[in-house]
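Okay, so here's the structure we're looking at.
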Amino acid sequence: MKRNQFLRVFVCLIGFVTLLSAQVQESDFAWNSDFRSSAYFQSWKKENGDRISQWSIPVHYILPLSRTLSVDIATGLASANRTTADDRLEGLVDTRIRTTFLTLREKLLLTAYLTFPTGVNRLEGDQNKVASALSDDALNFRMPNFGQGFRVNIGGVYATQVSAGVVLGLGAAYLWKGAFKPFANNELNYRPGNELAFTMGLDLGGERFKMTADAAYIYYQADKADDEVIFRSGDKLFLQLRWIFNLQPSAITVYVQNRSKGKNERGFGSISEELLNSNGNRLDIGSIGSFPVNSQTTLKALLSVKIYAKNEYGDRGALIGGIGGGVVHHFSRRVSLDLTGKLSRGNQKTLGSKIGITGLEFSGGFRYRL
């Protein structure tokens with residue numbers, strides 16, 4: 001069995017094992033020394049004139065210590081503003097240091113990471129409105145939050161070949177979250193609930209066609225404010241299917257993702273389940289195509305559709321379609337540049353109304369393999 005088939009399973013599941021906290025690429029676990037930095041601009045405008053925009057510059061450094069042991073560091077800068085808010089939210093985001101260790105004849109990948117609270121987490125004035133707008137899942141901001149306190153995550157993924165061309169992976173992780181003070185002018189001590197995740201992934205196919213199927217179930221413990229229980233998020237079930245068509249030299253990936261959550265629990269001191277589910281079903285469908293022009297340059301095309309159902313209160317629905325493209329150019333074996341642009345249009349459904357929304361996204365990514 002080829003090593004990169006195990007890596008594909010690790011890549012899909014490790015994002016779930018880290019509780020869907022970041023998008024992970026296959027090369028993240030290839031144990032090559034890399035430095036990467038990107039610049040993202042994302043802006044969404046609603047028909048009522050409200051606009052939320054963000055500049056972000058994530059930085060990621062991968063340091064392999066051996067063939068099986070690697071350390072990577074990720075942080076970044078971000079700046080966001082909302083047209084109806086007076087304040088701007090900007091500064092460093094939290095810094096993550098992760099260790100990955102591959103063992104048991106390259107079948108078991110263990111991960112552990114610490115997140116340090118270097119980001120902005122004490123908000124004042126209208127910064128709360130900016131942070132709330134960034135957290136809208138339908139808008140998919142690159143850095144939806146700046147700071148969430150100290151965190152520790154430990155987990156692992158085990159992959160095994162069950163038959164020719166078929167690899168099965170199983171994973172689990174636990175995320176411990178430290179307390180922080182979310183308001184600049186208030187000493188309220190807020191501690192979000194810890195999270196426990198279980199994952200499963202399947203990779204099958206050959207050189208021309210591959211399919212992956214992944215699932216994650218996440219259990220959330222209760223949030224506390226000044227040691228009083230106030231909220232518990234409904235458990236989350238995440239499903240993903242990907243079809244990869246290798247047309248040589250072109251390649252097309254089609255994906256379907258679905259997220260569902262149970263009812264939340266609310267209260268103060270004691271919590272009870274809400275009468276109606278405030279979490280609607282969320283479906284994402286899309287495709288990514290890569291079309292080489294020559295040995296150095298590849299064009300890419302992007303399509304996406306978000307179908308977010310209204311919750312049981314008739315709120316927070318969305319229907320948004322996106323189209324984009326870009327170019328990846330390799331200046332040498334070590335240096336590459338990735339440019340992407342995307343336009344999205346659709347609507348969001350709130351209580352008793354539907355409002356049009358338009359989004360623009362531009363990014364430029366730089367990678368240097370050391």
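Chains: A, B, ... in order of the structure tokens. Residues: from 1 per chain. Ligands: from 1, in order shown.
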
Closest pair table for stretch 110-158 of chain A residues within 8 Å of stretch 54-75 of chain A, only C-alpha atoms, as a Markdown table:
```
| residue | atom | partner | partner_atom | distance |
| --- | --- | --- | --- | --- |
| A:Phe141 | CA | A:Gln54 | CA | 7.7 |
| A:Arg142 | CA | A:Ser56 | CA | 7.3 |
| A:Met143 | CA | A:Ser56 | CA | 7.0 |
```

At a cut-off of 10 Å, using only C-alpha atoms, what residues contact A:Leu247? Leave out same-chain residues fewer than 4 positions from it and give the result as a short mmCIF file (atom, residue, chain, number, x, y, z; two decimals) with N, CA and C atoms, in the first residue's frame.
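Output (part.cif):
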```cif
data_model
loop_
_atom_site.label_atom_id
_atom_site.label_comp_id
_atom_site.auth_asym_id
_atom_site.auth_seq_id
_atom_site.Cartn_x
_atom_site.Cartn_y
_atom_site.Cartn_z
N GLU A 207 -5.71 5.07 -9.24
CA GLU A 207 -5.04 6.27 -9.73
C GLU A 207 -6.00 7.19 -10.48
N ARG A 208 -6.97 6.64 -11.18
CA ARG A 208 -7.89 7.44 -11.98
C ARG A 208 -9.06 8.02 -11.18
N PHE A 209 -9.51 7.28 -10.18
CA PHE A 209 -10.68 7.71 -9.43
C PHE A 209 -10.53 7.31 -7.96
N ALA A 251 -7.39 17.49 -12.96
CA ALA A 251 -8.02 16.76 -11.86
C ALA A 251 -9.21 17.56 -11.37
N ILE A 252 -10.28 16.87 -10.99
CA ILE A 252 -11.49 17.52 -10.49
C ILE A 252 -11.92 16.81 -9.21
N SER A 290 -8.41 21.54 -11.26
CA SER A 290 -7.05 22.03 -11.56
C SER A 290 -6.68 21.61 -12.98
N PHE A 291 -6.16 22.59 -13.75
CA PHE A 291 -5.89 22.38 -15.18
C PHE A 291 -4.50 22.92 -15.51
#
```

>> One number please: atom CA of A:Leu89 to atom CA of A:Asn48, in Å, one decimal.
In response: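 So the answer is 21.9 Å.
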
>> Can you pull out the residues contacting A:Trp176? Cut-off 8 Å, using only C-alpha atoms, and skip same-chain residues under 2 positions away; I want them as a list in words.
In response: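 Returned residues: Arg151, Val152, Asn153, Tyr174, Gly178, Gly193, Asn194 and Glu195 of chain A.
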
Requested write-out: N, CA, C and O atoms of the selected residues, as a PDB file, in the first residue's frame:
```
ATOM      1  N   ARG A 151      -5.820  26.647  25.168  1.00  0.00           N
ATOM      2  CA  ARG A 151      -6.469  25.372  24.851  1.00  0.00           C
ATOM      3  C   ARG A 151      -5.427  24.268  24.696  1.00  0.00           C
ATOM      4  O   ARG A 151      -4.298  24.532  24.284  1.00  0.00           O
ATOM      5  N   VAL A 152      -5.861  23.056  24.999  1.00  0.00           N
ATOM      6  CA  VAL A 152      -5.011  21.870  24.822  1.00  0.00           C
ATOM      7  C   VAL A 152      -5.823  20.819  24.083  1.00  0.00           C
ATOM      8  O   VAL A 152      -6.953  20.505  24.481  1.00  0.00           O
ATOM      9  N   ASN A 153      -5.251  20.279  23.002  1.00  0.00           N
ATOM     10  CA  ASN A 153      -5.936  19.249  22.227  1.00  0.00           C
ATOM     11  C   ASN A 153      -5.022  18.046  22.069  1.00  0.00           C
ATOM     12  O   ASN A 153      -3.856  18.188  21.698  1.00  0.00           O
ATOM     13  N   TYR A 174      -9.658  14.941  22.328  1.00  0.00           N
ATOM     14  CA  TYR A 174     -10.266  15.687  23.428  1.00  0.00           C
ATOM     15  C   TYR A 174      -9.672  17.087  23.434  1.00  0.00           C
ATOM     16  O   TYR A 174      -8.446  17.264  23.356  1.00  0.00           O
ATOM     17  N   GLY A 178      -9.493  26.632  28.236  1.00  0.00           N
ATOM     18  CA  GLY A 178      -9.294  27.470  29.407  1.00  0.00           C
ATOM     19  C   GLY A 178     -10.262  28.635  29.448  1.00  0.00           C
ATOM     20  O   GLY A 178     -10.900  28.983  28.451  1.00  0.00           O
ATOM     21  N   GLY A 193     -17.181  25.156  27.066  1.00  0.00           N
ATOM     22  CA  GLY A 193     -17.152  23.734  27.384  1.00  0.00           C
ATOM     23  C   GLY A 193     -16.106  22.968  26.588  1.00  0.00           C
ATOM     24  O   GLY A 193     -15.817  23.288  25.432  1.00  0.00           O
ATOM     25  N   ASN A 194     -15.542  21.953  27.205  1.00  0.00           N
ATOM     26  CA  ASN A 194     -14.597  21.078  26.512  1.00  0.00           C
ATOM     27  C   ASN A 194     -15.329  20.260  25.446  1.00  0.00           C
ATOM     28  O   ASN A 194     -16.563  20.156  25.459  1.00  0.00           O
ATOM     29  N   GLU A 195     -14.569  19.658  24.540  1.00  0.00           N
ATOM     30  CA  GLU A 195     -15.165  18.922  23.431  1.00  0.00           C
ATOM     31  C   GLU A 195     -14.503  17.554  23.276  1.00  0.00           C
ATOM     32  O   GLU A 195     -13.299  17.412  23.449  1.00  0.00           O
TER      33      GLU A 195
END
```

>> I need the helix (DSSP H, G or I) residues of stretch 24-234 of chain A per DSSP on the backbone, written as number ranges by chain.
In response: A: 26-29, 127-134, 137-139

>> Just want the 8 Å neighbourhood of A:Ile323, counted on only C-alpha atoms, with same-chain residues fewer than 3 positions away dropped. Output as a list of chain:residue names.
In response: A:Ala301, A:Leu302, A:Leu303, A:Ser304, A:Lys342, A:Leu343, A:Ser344

>> Report as a count of residues only all protein, DNA and RNA residues lying within 8 Å of A:Pro292, evaluated on only C-alpha atoms, omitting residues in the same chain fewer than 5 positions from it.
In response: 5

> If we count only C-alpha atoms, what is near A:Pro192 at a cut-off of 9 Å, once residues fewer than 5 positions away on the same chain are taken out, given as number ranges by chain?
Replying inline: A: 148, 177-180, 221-225, 231-232

Selected residues written out with all heavy atoms, as a compact mmCIF listing (two decimals), in the first residue's frame:
```txt
# COMPACT_ATOMS: atom_id res chain seq x y z
N GLN A 148 -9.57 32.97 21.89
CA GLN A 148 -10.50 32.17 22.69
C GLN A 148 -9.84 31.56 23.91
O GLN A 148 -10.34 30.58 24.45
CB GLN A 148 -11.13 31.08 21.83
CG GLN A 148 -12.04 31.59 20.73
CD GLN A 148 -12.72 30.47 19.98
OE1 GLN A 148 -12.09 29.52 19.55
NE2 GLN A 148 -14.04 30.57 19.83
N LYS A 177 -10.53 23.48 27.15
CA LYS A 177 -10.56 24.93 26.92
C LYS A 177 -10.40 25.68 28.23
O LYS A 177 -11.11 25.41 29.20
CB LYS A 177 -11.88 25.33 26.26
CG LYS A 177 -12.16 24.64 24.94
CD LYS A 177 -13.51 25.08 24.38
CE LYS A 177 -13.85 24.35 23.11
NZ LYS A 177 -15.18 24.76 22.57
N GLY A 178 -9.49 26.63 28.24
CA GLY A 178 -9.29 27.47 29.41
C GLY A 178 -10.26 28.64 29.45
O GLY A 178 -10.90 28.98 28.45
N ALA A 179 -10.37 29.26 30.59
CA ALA A 179 -11.27 30.40 30.77
C ALA A 179 -10.61 31.68 30.28
O ALA A 179 -9.38 31.79 30.22
CB ALA A 179 -11.64 30.54 32.24
N PHE A 180 -11.44 32.66 29.92
CA PHE A 180 -10.95 33.99 29.55
C PHE A 180 -12.04 35.00 29.84
O PHE A 180 -13.18 34.66 30.13
CB PHE A 180 -10.51 34.04 28.08
CG PHE A 180 -11.64 33.82 27.09
CD1 PHE A 180 -12.28 34.90 26.50
CD2 PHE A 180 -12.04 32.53 26.74
CE1 PHE A 180 -13.31 34.70 25.59
CE2 PHE A 180 -13.07 32.33 25.83
CZ PHE A 180 -13.70 33.42 25.26
N GLN A 221 -19.31 19.77 26.21
CA GLN A 221 -19.63 19.98 27.60
C GLN A 221 -20.17 21.40 27.80
O GLN A 221 -20.12 22.23 26.89
CB GLN A 221 -18.39 19.73 28.47
CG GLN A 221 -17.94 18.27 28.46
CD GLN A 221 -16.75 18.01 29.36
OE1 GLN A 221 -15.80 18.78 29.38
NE2 GLN A 221 -16.80 16.91 30.11
N ALA A 222 -20.67 21.70 28.97
CA ALA A 222 -21.36 22.97 29.22
C ALA A 222 -20.38 24.13 29.38
O ALA A 222 -19.29 23.97 29.95
CB ALA A 222 -22.23 22.85 30.45
N ASP A 223 -20.80 25.30 28.88
CA ASP A 223 -20.07 26.55 29.10
C ASP A 223 -20.42 27.07 30.49
O ASP A 223 -21.53 26.88 31.00
CB ASP A 223 -20.48 27.60 28.07
CG ASP A 223 -20.11 27.20 26.64
OD1 ASP A 223 -19.57 26.09 26.46
OD2 ASP A 223 -20.37 27.99 25.73
N LYS A 224 -19.45 27.80 31.08
CA LYS A 224 -19.67 28.37 32.40
C LYS A 224 -19.30 29.85 32.41
O LYS A 224 -18.35 30.27 31.73
CB LYS A 224 -18.84 27.63 33.46
CG LYS A 224 -19.25 26.19 33.68
CD LYS A 224 -18.43 25.54 34.77
CE LYS A 224 -18.87 24.09 35.02
NZ LYS A 224 -18.07 23.46 36.11
N ALA A 225 -20.04 30.64 33.18
CA ALA A 225 -19.73 32.05 33.43
C ALA A 225 -19.62 32.24 34.93
O ALA A 225 -20.59 31.99 35.66
CB ALA A 225 -20.81 32.95 32.83
N PHE A 231 -24.79 27.32 29.40
CA PHE A 231 -25.12 26.93 28.04
C PHE A 231 -24.40 25.63 27.69
O PHE A 231 -23.27 25.39 28.13
CB PHE A 231 -24.69 28.03 27.05
CG PHE A 231 -24.91 27.70 25.59
CD1 PHE A 231 -26.16 27.83 25.01
CD2 PHE A 231 -23.86 27.26 24.80
CE1 PHE A 231 -26.37 27.54 23.67
CE2 PHE A 231 -24.06 26.95 23.46
CZ PHE A 231 -25.31 27.10 22.90
N ARG A 232 -25.06 24.78 26.91
CA ARG A 232 -24.39 23.61 26.32
C ARG A 232 -24.87 23.47 24.89
O ARG A 232 -26.07 23.36 24.62
CB ARG A 232 -24.68 22.32 27.08
CG ARG A 232 -23.74 21.18 26.64
CD ARG A 232 -24.07 19.86 27.29
NE ARG A 232 -25.13 19.17 26.60
CZ ARG A 232 -24.95 18.41 25.50
NH1 ARG A 232 -23.75 18.30 24.94
NH2 ARG A 232 -25.97 17.80 24.94
```

> What lies within 12 Å of A:Asp50 using only C-alpha atoms, ignoring chain neighbours under 5 positions off, as a VMD selection string?
Replying inline: chain A and resid 43 to 45 81 to 85 129 to 130 133 355 to 358

Dump of all heavy atoms for the selected residues, as a tab-separated table (two decimals), in the first residue's frame:
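The resulting file, part.tsv, is reproduced below:
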```tsv
chain	number	residue	atom	x	y	z
A	43	SER	N	-15.18	40.09	1.89
A	43	SER	CA	-16.13	41.15	2.16
A	43	SER	C	-17.52	40.69	1.75
A	43	SER	O	-17.71	40.16	0.64
A	43	SER	CB	-15.75	42.42	1.40
A	43	SER	OG	-16.64	43.48	1.70
A	44	TRP	N	-18.50	40.89	2.63
A	44	TRP	CA	-19.89	40.56	2.36
A	44	TRP	C	-20.75	41.79	2.56
A	44	TRP	O	-20.63	42.49	3.56
A	44	TRP	CB	-20.37	39.45	3.30
A	44	TRP	CG	-19.76	38.11	3.00
A	44	TRP	CD1	-18.59	37.62	3.50
A	44	TRP	CD2	-20.30	37.11	2.15
A	44	TRP	NE1	-18.36	36.36	3.00
A	44	TRP	CE2	-19.40	36.01	2.17
A	44	TRP	CE3	-21.45	37.01	1.37
A	44	TRP	CZ2	-19.61	34.85	1.45
A	44	TRP	CZ3	-21.67	35.85	0.66
A	44	TRP	CH2	-20.76	34.79	0.69
A	45	LYS	N	-21.63	42.05	1.59
A	45	LYS	CA	-22.54	43.20	1.67
A	45	LYS	C	-23.98	42.72	1.56
A	45	LYS	O	-24.32	41.95	0.66
A	45	LYS	CB	-22.25	44.21	0.57
A	45	LYS	CG	-23.12	45.46	0.65
A	45	LYS	CD	-22.76	46.46	-0.43
A	45	LYS	CE	-23.64	47.70	-0.33
A	45	LYS	NZ	-23.32	48.69	-1.39
A	81	ASN	N	-13.89	44.97	10.03
A	81	ASN	CA	-14.77	46.08	10.38
A	81	ASN	C	-16.16	45.84	9.82
A	81	ASN	O	-16.34	45.14	8.84
A	81	ASN	CB	-14.21	47.42	9.89
A	81	ASN	CG	-14.26	47.53	8.38
A	81	ASN	OD1	-13.46	46.92	7.68
A	81	ASN	ND2	-15.21	48.29	7.86
A	82	ARG	N	-17.15	46.45	10.47
A	82	ARG	CA	-18.55	46.34	10.08
A	82	ARG	C	-19.08	47.75	9.89
A	82	ARG	O	-18.87	48.62	10.73
A	82	ARG	CB	-19.33	45.61	11.18
A	82	ARG	CG	-20.77	45.29	10.86
A	82	ARG	CD	-21.30	44.31	11.90
A	82	ARG	NE	-22.71	43.98	11.67
A	82	ARG	CZ	-23.70	44.48	12.39
A	82	ARG	NH1	-23.45	45.35	13.37
A	82	ARG	NH2	-24.95	44.15	12.14
A	83	THR	N	-19.76	48.00	8.77
A	83	THR	CA	-20.13	49.36	8.41
A	83	THR	C	-21.04	50.01	9.45
A	83	THR	O	-21.01	51.23	9.63
A	83	THR	CB	-20.84	49.39	7.06
A	83	THR	OG1	-21.94	48.46	7.08
A	83	THR	CG2	-19.91	49.02	5.93
A	84	THR	N	-21.86	49.23	10.14
A	84	THR	CA	-22.78	49.81	11.11
A	84	THR	C	-22.14	49.90	12.50
A	84	THR	O	-22.78	50.32	13.45
A	84	THR	CB	-24.05	48.97	11.21
A	84	THR	OG1	-23.70	47.63	11.55
A	84	THR	CG2	-24.80	48.99	9.89
A	85	ALA	N	-20.87	49.48	12.62
A	85	ALA	CA	-20.19	49.53	13.91
A	85	ALA	C	-19.11	50.60	13.88
A	85	ALA	O	-18.49	50.87	12.85
A	85	ALA	CB	-19.57	48.16	14.23
A	129	LYS	N	-20.21	43.52	18.01
A	129	LYS	CA	-21.00	43.36	16.80
A	129	LYS	C	-20.13	42.85	15.65
A	129	LYS	O	-20.58	42.05	14.83
A	129	LYS	CB	-21.64	44.70	16.42
A	129	LYS	CG	-22.64	45.21	17.43
A	129	LYS	CD	-23.23	46.54	16.99
A	129	LYS	CE	-24.21	47.09	18.02
A	129	LYS	NZ	-24.76	48.40	17.60
A	130	VAL	N	-18.88	43.32	15.59
A	130	VAL	CA	-17.96	42.83	14.55
A	130	VAL	C	-17.71	41.33	14.76
A	130	VAL	O	-17.77	40.54	13.82
A	130	VAL	CB	-16.63	43.60	14.59
A	130	VAL	CG1	-15.67	43.07	13.54
A	130	VAL	CG2	-16.88	45.10	14.37
A	133	ALA	N	-20.69	39.23	13.71
A	133	ALA	CA	-20.84	39.11	12.26
A	133	ALA	C	-19.81	38.14	11.68
A	133	ALA	O	-20.12	37.36	10.77
A	133	ALA	CB	-20.70	40.48	11.61
A	355	ILE	N	-33.04	38.45	2.83
A	355	ILE	CA	-32.22	39.57	2.43
A	355	ILE	C	-31.09	39.10	1.51
A	355	ILE	O	-30.44	38.08	1.79
A	355	ILE	CB	-31.65	40.30	3.67
A	355	ILE	CG1	-30.93	41.58	3.26
A	355	ILE	CG2	-30.74	39.39	4.49
A	355	ILE	CD1	-30.61	42.49	4.41
A	356	GLY	N	-30.89	39.80	0.40
A	356	GLY	CA	-29.84	39.45	-0.54
A	356	GLY	C	-28.47	39.76	0.02
A	356	GLY	O	-28.28	40.69	0.81
A	357	ILE	N	-27.48	38.96	-0.41
A	357	ILE	CA	-26.12	39.13	0.09
A	357	ILE	C	-25.13	38.82	-1.03
A	357	ILE	O	-25.35	37.91	-1.85
A	357	ILE	CB	-25.89	38.22	1.32
A	357	ILE	CG1	-24.52	38.49	1.94
A	357	ILE	CG2	-26.06	36.75	0.97
A	357	ILE	CD1	-24.34	37.83	3.29
A	358	THR	N	-24.06	39.61	-1.10
A	358	THR	CA	-23.01	39.45	-2.12
A	358	THR	C	-21.66	39.41	-1.43
A	358	THR	O	-21.37	40.23	-0.55
A	358	THR	CB	-23.03	40.60	-3.13
A	358	THR	OG1	-24.31	40.64	-3.77
A	358	THR	CG2	-21.95	40.40	-4.20
```
